[in-house]
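Structure data follow from upload_1.txt (compact mmCIF, C-alpha atoms):
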# COMPACT_ATOMS: atom_id res chain seq x y z
CA MET Z 1 0.00 0.00 0.00
CA SER Z 2 2.92 2.34 -0.44
CA CYS Z 3 4.80 3.79 -3.35
CA ARG Z 4 8.04 2.34 -4.55
CA GLY Z 5 9.83 5.39 -5.82
CA VAL Z 6 9.37 8.95 -6.93
CA GLN Z 7 10.82 10.35 -10.12
CA LYS Z 8 10.62 14.00 -10.99
CA LEU Z 9 10.71 15.35 -14.48
CA LEU Z 10 10.90 19.10 -14.69
CA GLN Z 11 9.24 20.60 -17.71
CA GLY Z 12 9.14 24.06 -19.08
CA ALA Z 13 6.73 26.79 -18.12
CA GLY Z 14 3.55 27.54 -20.00
CA SER Z 15 0.94 30.24 -20.12
CA GLY Z 16 -1.48 30.86 -22.86
CA PRO Z 17 -4.57 31.88 -24.63
CA ALA Z 18 -7.91 33.07 -23.38
CA GLY Z 19 -10.57 31.12 -21.57
CA TRP Z 20 -10.58 28.82 -18.60
CA THR Z 21 -12.25 25.47 -18.60
CA ARG Z 22 -11.50 22.39 -16.70
CA THR Z 23 -10.70 19.53 -19.03
CA PRO Z 24 -13.72 17.29 -18.69
CA ALA Z 25 -13.59 13.59 -18.12
CA ALA Z 26 -13.76 12.90 -21.84
CA TYR Z 27 -10.18 14.12 -22.17
CA CYS Z 28 -8.19 10.98 -22.67
CA CYS Z 29 -5.00 10.02 -24.38
CA CYS Z 30 -6.74 7.39 -26.47
CA ARG Z 31 -8.80 7.78 -29.58
CA PHE Z 32 -12.28 6.38 -29.67
CA ARG Z 33 -15.75 7.47 -30.59
CA SER Z 34 -17.88 7.69 -27.51
CA GLY Z 35 -20.90 5.43 -27.50
CA PRO Z 36 -23.86 5.86 -25.20
CA SER Z 37 -22.26 7.53 -22.24
CA ARG Z 38 -23.77 8.20 -18.87
CA ALA Z 39 -23.33 11.30 -16.78
CA ARG Z 40 -20.60 12.89 -18.88
CA SER Z 41 -19.18 15.77 -16.94
CA VAL Z 42 -19.48 19.17 -18.52
CA PRO Z 43 -17.63 21.99 -16.87
CA GLY Z 44 -19.80 24.80 -15.73
CA THR Z 45 -23.07 22.99 -15.12
CA GLY Z 46 -24.08 22.95 -11.52
CA SER Z 47 -25.84 19.67 -11.07
CA GLY Z 48 -25.99 19.71 -7.29
CA PRO Z 49 -28.42 21.37 -4.95
CA GLY Z 50 -27.82 24.99 -4.24
CA SER Z 51 -26.26 25.89 -7.56
CA GLY Z 52 -27.02 29.52 -8.16
CA SER Z 53 -27.66 31.05 -11.54
CA GLY Z 54 -24.39 30.96 -13.45
CA SER Z 55 -22.23 29.87 -10.51
CA ILE Z 56 -19.96 26.92 -11.09
CA ASN Z 57 -20.67 24.09 -8.70
CA VAL Z 58 -18.64 21.03 -9.56
CA PHE Z 59 -17.59 19.69 -6.19
CA ASN Z 60 -19.56 18.84 -3.10
CA ARG Z 61 -17.58 20.82 -0.54
CA GLU Z 62 -19.41 19.27 2.38
CA MET Z 63 -18.40 15.82 1.16
CA LYS Z 64 -14.81 16.99 0.75
CA ARG Z 65 -14.82 18.23 4.35
CA ARG Z 66 -16.04 14.83 5.54
CA GLN Z 67 -13.45 13.01 3.45
CA LYS Z 68 -10.64 15.18 4.78
CA ASN Z 69 -11.83 14.71 8.35
CA TRP Z 70 -11.93 10.97 7.83
CA ALA Z 71 -8.46 10.91 6.30
CA ALA Z 72 -7.00 13.12 9.01
CA VAL Z 73 -7.91 10.76 11.87
CA LEU Z 74 -6.73 7.59 10.15
CA LYS Z 75 -4.30 5.51 12.15
CA ASP Z 76 -0.96 5.65 10.29
CA GLY Z 77 -2.38 8.45 8.18
CA HIS Z 78 1.08 9.92 7.81
CA GLN Z 79 2.05 7.19 5.34
CA TYR Z 80 -0.14 8.90 2.75
CA ASP Z 81 1.55 12.26 3.13
CA TYR Z 82 4.34 11.65 0.64
CA LEU Z 83 2.83 13.76 -2.11
CA ARG Z 84 2.29 16.80 0.08
CA GLU Z 85 5.76 16.51 1.50
CA GLU Z 86 7.15 16.28 -2.02
CA VAL Z 87 5.69 19.61 -3.05
CA LYS Z 88 8.07 22.25 -1.81
CA LEU Z 89 7.15 25.76 -2.71
CA GLY Z 90 10.65 26.96 -3.46
CA PHE Z 91 11.27 29.45 -0.71
CA GLY Z 92 15.02 29.58 -0.78
CA SER Z 93 17.12 31.93 1.24
CA GLY Z 94 17.28 35.45 -0.04
CA PHE Z 95 13.53 35.83 -0.12
CA ARG Z 96 12.26 38.78 1.82
CA THR Z 97 10.54 38.42 5.18
CA PHE Z 98 6.78 38.18 5.35
CA PRO Z 99 5.32 39.34 8.65
CA LEU Z 100 1.98 37.62 8.15
CA ALA Z 101 1.29 34.67 5.86
CA LEU Z 102 -1.78 32.60 5.07
CA ASP Z 103 -1.68 28.91 4.22
CA MET Z 104 -4.93 28.04 2.43
CA GLY Z 105 -6.07 24.46 2.55
CA GLY Z 106 -2.97 23.66 4.52
CA GLY Z 107 -4.39 20.67 6.34
CA LYS Z 108 -1.73 19.22 8.57
CA SER Z 109 0.61 22.02 7.65
CA TYR Z 110 3.31 20.70 5.33
CA ILE Z 111 4.56 24.00 3.97
CA ALA Z 112 5.56 25.43 7.32
CA GLU Z 113 8.23 22.75 7.64
CA HIS Z 114 10.14 24.27 4.75
CA LEU Z 115 9.76 27.80 6.02
CA SER Z 116 11.84 29.41 8.71
CA LYS Z 117 11.18 32.33 10.99
CA GLU Z 118 13.30 34.54 8.77
CA VAL Z 119 10.91 34.04 5.88
CA VAL Z 120 7.57 34.03 7.68
CA GLN Z 121 7.05 35.60 11.07
CA ARG Z 122 3.45 34.64 11.74
CA LEU Z 123 1.32 32.06 9.96
CA VAL Z 124 -2.42 31.58 9.71
CA LEU Z 125 -3.46 28.10 8.65
CA THR Z 126 -6.89 27.43 7.18
CA ASP Z 127 -8.60 24.26 6.02
CA VAL Z 128 -12.14 22.97 5.67
CA SER Z 129 -11.27 20.03 7.86
CA GLN Z 130 -11.15 20.65 11.59
CA GLN Z 131 -9.51 17.31 12.36
CA ALA Z 132 -6.63 18.02 10.03
CA LEU Z 133 -5.95 21.32 11.75
CA LYS Z 134 -6.15 19.72 15.19
CA LEU Z 135 -3.66 17.02 14.25
CA GLY Z 136 -1.38 19.37 12.40
CA ARG Z 137 2.35 19.33 12.77
CA ARG Z 138 3.96 21.98 14.89
CA SER Z 139 6.58 24.23 13.46
CA GLU Z 140 8.74 26.94 14.91
CA ILE Z 141 6.59 29.66 13.36
CA PRO Z 142 3.75 30.89 15.61
CA THR Z 143 0.65 29.53 13.90
CA ARG Z 144 -3.05 30.20 14.29
CA SER Z 145 -5.51 27.70 12.79
CA VAL Z 146 -8.86 28.74 11.35
CA VAL Z 147 -11.48 26.43 9.92
CA ALA Z 148 -12.46 28.16 6.70
CA ASP Z 149 -13.48 27.33 3.16
CA GLU Z 150 -11.06 28.60 0.50
CA GLU Z 151 -13.92 30.27 -1.34
CA PHE Z 152 -15.12 32.22 1.70
CA LEU Z 153 -12.07 33.47 3.52
CA PRO Z 154 -13.08 35.23 6.74
CA PHE Z 155 -10.32 37.81 6.58
CA ARG Z 156 -10.33 41.52 5.95
CA GLU Z 157 -8.92 42.79 2.70
CA ASN Z 158 -5.27 43.81 2.51
CA SER Z 159 -4.25 41.74 5.51
CA PHE Z 160 -1.63 39.24 4.38
CA HIS Z 161 1.81 39.73 2.90
CA LEU Z 162 1.92 36.18 1.59
CA VAL Z 163 -0.67 33.59 0.62
CA VAL Z 164 0.42 30.04 -0.09
CA SER Z 165 -1.64 27.10 -1.16
CA SER Z 166 -0.40 23.60 -1.72
CA LEU Z 167 -2.49 20.92 -3.41
CA SER Z 168 -5.90 22.23 -2.43
CA LEU Z 169 -6.87 24.56 -5.26
CA HIS Z 170 -8.01 21.69 -7.44
CA TRP Z 171 -11.04 21.19 -5.21
CA ILE Z 172 -12.25 24.77 -5.50
CA ASN Z 173 -15.49 25.17 -7.40
CA ASP Z 174 -15.06 28.60 -8.97
CA LEU Z 175 -11.33 29.11 -9.31
CA PRO Z 176 -11.36 32.48 -11.12
CA ARG Z 177 -13.57 33.95 -8.45
CA ALA Z 178 -11.54 32.43 -5.62
CA LEU Z 179 -8.37 33.89 -7.11
CA SER Z 180 -9.74 37.36 -7.66
CA GLU Z 181 -12.27 37.81 -4.87
CA GLN Z 182 -10.61 35.85 -2.11
CA ILE Z 183 -6.87 35.59 -2.58
CA HIS Z 184 -6.41 38.92 -4.34
CA ARG Z 185 -8.59 40.62 -1.77
CA VAL Z 186 -6.83 39.41 1.36
CA LEU Z 187 -3.39 40.16 -0.03
CA LYS Z 188 -1.72 43.45 0.76
CA PRO Z 189 -0.52 45.47 -2.25
CA ASP Z 190 2.88 44.10 -3.24
CA GLY Z 191 1.89 40.83 -1.58
CA VAL Z 192 2.62 37.56 -3.28
CA PHE Z 193 0.57 34.44 -3.90
CA VAL Z 194 2.49 31.19 -4.26
CA GLY Z 195 0.46 28.16 -5.18
CA ALA Z 196 0.80 24.57 -6.22
CA MET Z 197 -2.15 22.68 -7.54
CA ALA Z 198 -2.71 19.35 -9.21
CA GLY Z 199 -3.67 19.97 -12.78
CA GLY Z 200 -3.45 19.06 -16.40
CA ASP Z 201 -2.41 15.44 -16.82
CA THR Z 202 -2.73 14.37 -13.21
CA LEU Z 203 -3.82 10.76 -12.90
CA TYR Z 204 -4.47 10.45 -16.61
CA GLU Z 205 -3.54 6.77 -16.48
CA LEU Z 206 -6.23 6.08 -13.88
CA ARG Z 207 -8.75 8.14 -15.80
CA CYS Z 208 -8.06 6.35 -19.07
CA SER Z 209 -8.05 2.84 -17.63
CA LEU Z 210 -11.33 3.36 -15.81
CA GLN Z 211 -12.85 4.93 -18.90
CA LEU Z 212 -11.82 2.11 -21.24
CA ALA Z 213 -12.75 -0.63 -18.80
CA GLN Z 214 -16.12 0.88 -18.06
CA MET Z 215 -16.81 1.40 -21.74
CA GLU Z 216 -16.02 -2.20 -22.51
CA ARG Z 217 -17.85 -3.67 -19.55
CA GLU Z 218 -20.86 -1.39 -19.20
CA GLY Z 219 -21.18 0.32 -22.56
CA GLY Z 220 -20.70 3.84 -21.23
CA PHE Z 221 -18.58 5.66 -18.74
CA SER Z 222 -18.97 8.18 -15.97
CA PRO Z 223 -16.28 10.45 -14.59
CA HIS Z 224 -14.26 9.04 -11.70
CA VAL Z 225 -11.37 11.49 -11.70
CA SER Z 226 -12.15 15.14 -11.14
CA PRO Z 227 -11.58 17.65 -13.93
CA TYR Z 228 -8.36 19.64 -13.76
CA THR Z 229 -7.15 23.01 -14.96
CA ALA Z 230 -4.87 22.88 -17.95
CA VAL Z 231 -1.43 24.42 -17.78
CA THR Z 232 -2.15 26.73 -20.66
CA ASP Z 233 -5.08 28.32 -18.83
CA LEU Z 234 -3.17 29.11 -15.69
CA GLY Z 235 -1.47 32.28 -16.90
CA ASN Z 236 -4.73 33.64 -18.15
CA LEU Z 237 -6.45 32.76 -14.89
CA LEU Z 238 -3.93 34.67 -12.83
CA GLY Z 239 -3.94 37.59 -15.23
CA ARG Z 240 -7.68 37.92 -15.03
CA ALA Z 241 -7.43 37.90 -11.26
CA ARG Z 242 -5.22 41.02 -11.64
CA PHE Z 243 -1.95 39.45 -10.53
CA ASN Z 244 1.32 40.85 -11.87
CA MET Z 245 4.65 39.32 -12.73
CA LEU Z 246 3.36 35.80 -13.15
CA THR Z 247 5.44 32.69 -13.02
CA VAL Z 248 4.03 29.33 -13.98
CA ASP Z 249 5.91 26.07 -13.84
CA VAL Z 250 5.00 22.43 -14.26
CA ASP Z 251 6.41 19.66 -12.13
CA ASP Z 252 5.70 16.04 -13.06
CA VAL Z 253 5.79 13.67 -10.13
CA GLN Z 254 5.49 10.01 -11.03
CA VAL Z 255 4.73 7.58 -8.27
CA HIS Z 256 4.89 3.85 -8.82
CA TYR Z 257 2.33 1.57 -7.22
CA PRO Z 258 1.96 -2.21 -7.19
CA GLY Z 259 -1.45 -1.86 -8.83
CA ILE Z 260 -4.58 0.18 -9.28
CA MET Z 261 -6.05 -0.80 -5.91
CA GLU Z 262 -3.06 0.49 -3.98
CA LEU Z 263 -3.23 3.75 -5.93
CA MET Z 264 -6.90 4.22 -5.11
CA THR Z 265 -6.37 3.32 -1.46
CA ASP Z 266 -3.59 5.88 -1.21
CA LEU Z 267 -5.72 8.55 -2.86
CA GLN Z 268 -8.45 7.82 -0.36
CA GLY Z 269 -5.97 8.01 2.51
CA MET Z 270 -4.72 11.37 1.27
CA GLY Z 271 -8.27 12.72 1.44
CA GLU Z 272 -8.32 13.08 -2.32
CA SER Z 273 -11.35 10.91 -3.01
CA ASN Z 274 -13.72 12.10 -5.67
CA CYS Z 275 -16.40 14.49 -4.48
CA ALA Z 276 -17.79 15.86 -7.71
CA TRP Z 277 -21.58 16.12 -7.77
CA ASN Z 278 -21.77 13.99 -10.92
CA ARG Z 279 -19.83 11.06 -9.53
CA ARG Z 280 -21.39 7.65 -9.31
CA SER Z 281 -21.07 6.21 -5.83
CA MET Z 282 -20.54 2.70 -7.10
CA LEU Z 283 -17.91 0.98 -9.18
CA GLN Z 284 -18.91 -2.47 -10.34
CA ARG Z 285 -16.63 -5.34 -9.40
CA ASP Z 286 -16.31 -6.41 -13.04
CA THR Z 287 -15.26 -2.91 -14.00
CA MET Z 288 -12.71 -2.82 -11.20
CA LEU Z 289 -11.21 -6.07 -12.37
CA ALA Z 290 -11.18 -4.89 -15.97
CA ALA Z 291 -9.64 -1.55 -15.05
CA ALA Z 292 -6.87 -3.25 -13.06
CA ALA Z 293 -6.03 -5.42 -16.08
CA VAL Z 294 -6.12 -2.51 -18.52
CA TYR Z 295 -3.99 -0.27 -16.30
CA LYS Z 296 -1.31 -2.88 -15.92
CA GLU Z 297 -1.26 -3.69 -19.60
CA MET Z 298 -1.32 -0.14 -20.94
CA TYR Z 299 0.92 1.62 -18.47
CA GLY Z 300 2.68 -1.10 -16.49
CA ASN Z 301 6.42 -1.06 -15.93
CA PRO Z 302 8.62 -4.04 -16.71
CA ASP Z 303 8.93 -4.84 -13.02
CA GLY Z 304 5.17 -5.19 -12.63
CA SER Z 305 4.41 -1.86 -10.96
CA VAL Z 306 2.21 0.81 -12.47
CA PRO Z 307 2.97 4.54 -12.60
CA ALA Z 308 0.66 7.33 -11.61
CA THR Z 309 1.41 10.86 -12.76
CA PHE Z 310 0.75 13.86 -10.59
CA GLN Z 311 1.28 17.00 -12.61
CA ILE Z 312 1.81 19.79 -10.12
CA LEU Z 313 1.36 23.30 -11.48
CA HIS Z 314 3.34 25.91 -9.57
CA MET Z 315 2.32 29.52 -9.82
CA ILE Z 316 3.48 32.84 -8.41
CA GLY Z 317 1.59 36.10 -8.73
CA TRP Z 318 2.08 39.52 -7.17
CA LYS Z 319 -0.63 41.95 -6.19
CA PRO Z 320 -0.02 45.21 -8.08
CA HIS Z 321 1.91 47.98 -6.39
CA GLU Z 322 3.61 51.15 -7.65
CA SER Z 323 7.06 49.84 -6.80
CA GLN Z 324 6.72 46.96 -9.23
CA ALA Z 325 8.25 47.19 -12.69
CA LYS Z 326 5.72 48.17 -15.30
CA PRO Z 327 5.89 47.74 -19.07
CA ALA Z 328 7.37 50.88 -20.62
CA ARG Z 329 5.17 53.41 -22.42
CA ARG Z 330 4.77 52.84 -26.14
CA GLY Z 331 7.17 54.92 -28.16
CA SER Z 332 9.62 55.46 -25.33
CA ALA Z 333 12.30 53.17 -26.78
CA THR Z 334 15.76 54.67 -27.08
CA VAL Z 335 17.45 51.87 -29.01
CA SER Z 336 16.27 49.85 -31.97
CA PHE Z 337 16.26 46.10 -32.41
CA ARG Z 338 18.29 46.67 -35.54
CA ASP Z 339 21.22 47.64 -33.34
CA LEU Z 340 21.14 44.19 -31.72
CA ALA Z 341 23.20 42.67 -34.50
CA LYS Z 342 25.84 45.41 -34.10
CA VAL Z 343 26.12 44.64 -30.39
CA SER Z 344 27.00 40.96 -30.91
CA ARG Z 345 29.48 41.74 -33.70
CA THR Z 346 31.40 44.32 -31.68
CA GLY Z 347 31.37 41.99 -28.68
CA GLY Z 348 32.91 39.20 -30.72
CA ALA Z 349 35.59 41.56 -32.08
CA ASP Z 350 36.52 42.62 -28.56
CA ARG Z 351 36.88 39.07 -27.38
CA SER Z 352 39.11 37.93 -30.24
CA MET P 1 -19.19 3.42 13.25
CA SER P 2 -16.94 1.02 15.06
CA GLY P 3 -16.55 -2.70 15.08
CA SER P 4 -17.32 -4.92 12.16
CA ASN P 5 -19.83 -3.56 9.69
CA VAL P 6 -20.52 -3.94 6.00
CA TRP P 7 -17.96 -1.24 5.12
CA SER P 8 -15.11 -2.76 7.09
CA ARG P 9 -15.94 -6.24 5.82
CA SER P 10 -16.06 -5.18 2.19
CA ARG P 11 -12.81 -3.25 2.66
CA GLU P 12 -11.21 -6.38 4.05
CA ARG P 13 -12.34 -8.33 1.02
CA LEU P 14 -11.05 -5.68 -1.31
CA ARG P 15 -7.66 -5.82 0.34
CA ARG P 16 -7.18 -9.30 -1.07
CA PHE P 17 -7.78 -8.05 -4.60
CA PRO P 18 -4.14 -7.47 -5.61
CA GLU P 19 -2.87 -10.87 -4.47
CA LEU P 20 -5.74 -12.63 -6.24
CA LEU P 21 -5.20 -10.66 -9.41
CA ALA P 22 -1.53 -11.57 -9.35
CA GLN P 23 -2.52 -15.20 -9.76
CA CYS P 24 -4.33 -14.36 -12.98
CA ALA P 25 -1.64 -12.21 -14.53
CA ASP P 26 -1.74 -13.97 -17.91
CA GLU P 27 -5.47 -13.68 -18.45
CA ALA P 28 -5.29 -10.07 -17.30
CA ALA P 29 -2.56 -9.31 -19.82
CA VAL P 30 -4.58 -10.87 -22.66
CA TYR P 31 -7.66 -8.84 -21.73
CA GLY P 32 -5.60 -5.68 -21.35
CA LYS P 33 -4.05 -6.15 -24.77
CA CYS P 34 -7.47 -6.61 -26.32
CA VAL P 35 -8.76 -3.35 -24.88
CA ALA P 36 -5.54 -1.46 -25.53
CA ALA P 37 -5.65 -2.51 -29.17
CA THR P 38 -8.77 -0.41 -29.67
CA THR P 39 -6.91 2.79 -28.79
CA THR P 40 -4.46 2.44 -31.65
CA GLY P 41 -6.34 0.41 -34.23
CA LYS P 42 -9.35 1.18 -36.35
CA ARG P 43 -11.79 -0.74 -34.14
CA GLU P 44 -13.88 1.33 -31.77
CA LEU P 45 -14.43 0.26 -28.22
CA LYS P 46 -17.93 -1.13 -27.78
CA LYS P 47 -19.62 -2.98 -24.99
CA ASP P 48 -18.45 -6.61 -24.68
CA LEU P 49 -15.88 -6.24 -27.41
CA CYS P 50 -13.44 -8.33 -25.37
CA ALA P 51 -16.08 -10.42 -23.63
CA THR P 52 -14.37 -13.77 -24.15
CA GLU P 53 -11.09 -12.52 -22.72
CA PHE P 54 -12.89 -10.99 -19.76
CA GLU P 55 -14.80 -14.20 -19.05
CA ALA P 56 -11.52 -16.09 -18.93
CA LEU P 57 -10.11 -13.50 -16.53
CA LYS P 58 -13.17 -13.57 -14.34
CA THR P 59 -13.23 -17.37 -14.15
CA CYS P 60 -9.60 -17.43 -13.16
CA PHE P 61 -10.23 -14.73 -10.55
CA THR P 62 -13.26 -16.51 -9.08
CA ASN P 63 -11.31 -19.74 -8.85
CA ALA P 64 -8.46 -17.94 -7.10
CA VAL P 65 -10.96 -16.56 -4.57
CA SER P 66 -12.72 -19.83 -3.78
CA TYR P 67 -9.55 -21.86 -3.49
CA SER P 68 -7.87 -19.57 -1.00
CA PRO P 69 -10.07 -18.43 1.87
CA SER P 70 -8.31 -15.85 3.93
CA ILE P 71 -7.26 -16.80 7.45
CA VAL P 72 -8.12 -13.29 8.57
CA GLU P 73 -11.62 -13.79 7.21
CA LEU P 74 -12.12 -16.88 9.37
CA ILE P 75 -10.79 -15.21 12.49
CA VAL P 76 -12.98 -12.16 11.96
CA SER P 77 -16.05 -14.29 11.35
CA ILE P 78 -15.41 -16.22 14.56
CA ALA P 79 -14.84 -13.07 16.55
CA VAL P 80 -18.14 -11.46 15.59
CA LEU P 81 -20.27 -14.44 16.52
CA PRO P 82 -19.59 -14.82 20.22
CA ASN P 83 -22.88 -16.42 21.21
CA LYS P 84 -23.41 -18.69 18.25
CA PRO P 85 -21.88 -22.08 17.65
CA ILE P 86 -18.60 -21.61 15.87
CA LEU P 87 -18.77 -22.93 12.34
CA ILE P 88 -15.79 -22.59 10.12
CA LEU P 89 -17.05 -22.20 6.59
CA PRO P 90 -15.02 -20.81 3.71
CA LYS P 91 -16.95 -17.88 2.31
CA ILE P 92 -17.08 -17.59 -1.44
CA LYS P 93 -16.58 -14.02 -2.64
CA PHE P 94 -16.80 -12.26 -5.95
CA LYS P 95 -19.39 -14.58 -7.41
Can you give me the file's structure in the form of structure tokens?
Amino acid sequence: MSCRGVQKLLQGAGSGPAGWTRTPAAYCCCRFRSGPSRARSVPGTGSGPGSGSGSINVFNREMKRRQKNWAAVLKDGHQYDYLREEVKLGFGSGFRTFPLALDMGGGKSYIAEHLSKEVVQRLVLTDVSQQALKLGRRSEIPTRSVVADEEFLPFRENSFHLVVSSLSLHWINDLPRALSEQIHRVLKPDGVFVGAMAGGDTLYELRCSLQLAQMEREGGFSPHVSPYTAVTDLGNLLGRARFNMLTVDVDDVQVHYPGIMELMTDLQGMGESNCAWNRRSMLQRDTMLAAAAVYKEMYGNPDGSVPATFQILHMIGWKPHESQAKPARRGSATVSFRDLAKVSRTGGADRS
Amino acid sequence: MSGSNVWSRSRERLRRFPELLAQCADEAAVYGKCVAATTTGKRELKKDLCATEFEALKTCFTNAVSYSPSIVELIVSIAVLPNKPILILPKIKFK
């Protein structure tokens, strides 16, 4: 029930064109024409109770709270923490000091371990799960825990110098609104938001195997893996939320498991079980058997284990402030691009 | 919820899934290849396209279950019946 090894492949950054949609469950690496399908997820349709007009309601937040509470009080729950411990948010030395920081969806507080008192002086930790906060790890930074939903932060505007979020943004229903109305609001001007969320290709092997197996066994498929934000949409998302000086990076973490059942057990232990409104609560035994066979055959390693990809999207955005560098005014250039060639030629002459 | 209930019992049964599947690795590979072939070839994936392969896999899996009752299963079943006569019966799962 534990992973064998972790391999990291660093890929380049990406940011792109307009629009933000979560890739629906039909996104799959394989080609096939979809037959009669049941409960296909479509981003943007609120199928649960309480969905307001036009508001995106994909996840059952109450269910997510219960799942996280359940996972937090598991005996030996710490064996499932490897993914959160793996995500370090890159606070090296030489970063400035933040008097007050907010850790959104921090759970048992994994980020504070990598921070020191020089970087963050006081920390506020929020999560939907009360049990996770109670059982959180202590760090040297004075911490205050608040039970709060990421979409309804109970803080005044312009209060925090730093907001971090590690592996919890992918459960937020309306991400553009959370970024602009919650995170942007509570940040002080010239404050920074550093986030890491699961996105893009995360768990695509699990998604594809379940989809193929269910299609073959039952004649249709329903979404079992939640929809994720694509890397190309992330820059646009942050820009629309009025963040400056964006940085987006992709980190592929591959974890190897003995089989599909161990992967699903670990996901459940992490508190990452599916909680989308359109999920089916049952997975037939035949489909489970078929999915295990398909996963091993399509993605299995020579030594018999199967890989699971977690694509972690890292993002940094700054709240606008006058001291930040702005793009220069049009027409204020003093040199021309044509002079660029002259620069390299004279440089070469000097060197030789 | 504490003690033995339907959730803990079904979770216990599910825990045996990987070891049972390992005994049917060949049939599983054949079925997996059949399904995987639809992603690259011209054939589309329809219901019961690989039914024969799956039946072979399921038969193998059911045999693996019935021929190897778990010791834990027996102990748990004895423990939850304190006032009844103790009968040791292998339970057949995954019918």
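Distances from P:Thr59, P:Ser66, P:Thr40, P:Ser8 to chain Z were compared using only C-alpha atoms, and the smallest one belongs to P:Thr40.
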Quiz item: So which residues touch stretch 136-140 of chain Z within 10 Å, counting all atoms listed in the file, skipping near sequence neighbours fewer than 4 positions away, as a list of chain:residue names?
Solution: Z:Ala72, Z:Gly106, Z:Gly107, Z:Lys108, Z:Ser109, Z:Tyr110, Z:Ile111, Z:Ala112, Z:Glu113, Z:His114, Z:Leu115, Z:Ser116, Z:Lys117, Z:Gln121, Z:Arg122, Z:Leu125, Z:Gln130, Z:Gln131, Z:Ala132, Z:Ser145
Skip stretch 314-324 of chain Z itself and residues of its chain fewer than 4 positions away, then list as a compact mmCIF listing (two decimals) with C-alpha atoms, in the frame of the given file all residues within 8 Å of it, counting only C-alpha atoms.
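The resulting part_38.txt:
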# COMPACT_ATOMS: atom_id res chain seq x y z
CA LEU Z 89 7.15 25.76 -2.71
CA HIS Z 184 -6.41 38.92 -4.34
CA LEU Z 187 -3.39 40.16 -0.03
CA LYS Z 188 -1.72 43.45 0.76
CA PRO Z 189 -0.52 45.47 -2.25
CA ASP Z 190 2.88 44.10 -3.24
CA GLY Z 191 1.89 40.83 -1.58
CA VAL Z 192 2.62 37.56 -3.28
CA PHE Z 193 0.57 34.44 -3.90
CA VAL Z 194 2.49 31.19 -4.26
CA GLY Z 195 0.46 28.16 -5.18
CA ALA Z 196 0.80 24.57 -6.22
CA MET Z 197 -2.15 22.68 -7.54
CA LEU Z 238 -3.93 34.67 -12.83
CA ARG Z 242 -5.22 41.02 -11.64
CA PHE Z 243 -1.95 39.45 -10.53
CA ASN Z 244 1.32 40.85 -11.87
CA MET Z 245 4.65 39.32 -12.73
CA LEU Z 246 3.36 35.80 -13.15
CA THR Z 247 5.44 32.69 -13.02
CA VAL Z 248 4.03 29.33 -13.98
CA ASP Z 249 5.91 26.07 -13.84
CA VAL Z 250 5.00 22.43 -14.26
CA ASP Z 251 6.41 19.66 -12.13
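Shortest atom-to-atom contact with Z:Asn278 among Z:Tyr204, Z:Phe221, Z:Tyr295, Z:Tyr257: Z:Phe221, counting only C-alpha atoms.
Shortest separation to Z:Asn158 among Z:Val146, Z:Ala291, Z:Val186, Z:Gly300 occurs at residue Z:Val186, atoms counted being only C-alpha atoms.
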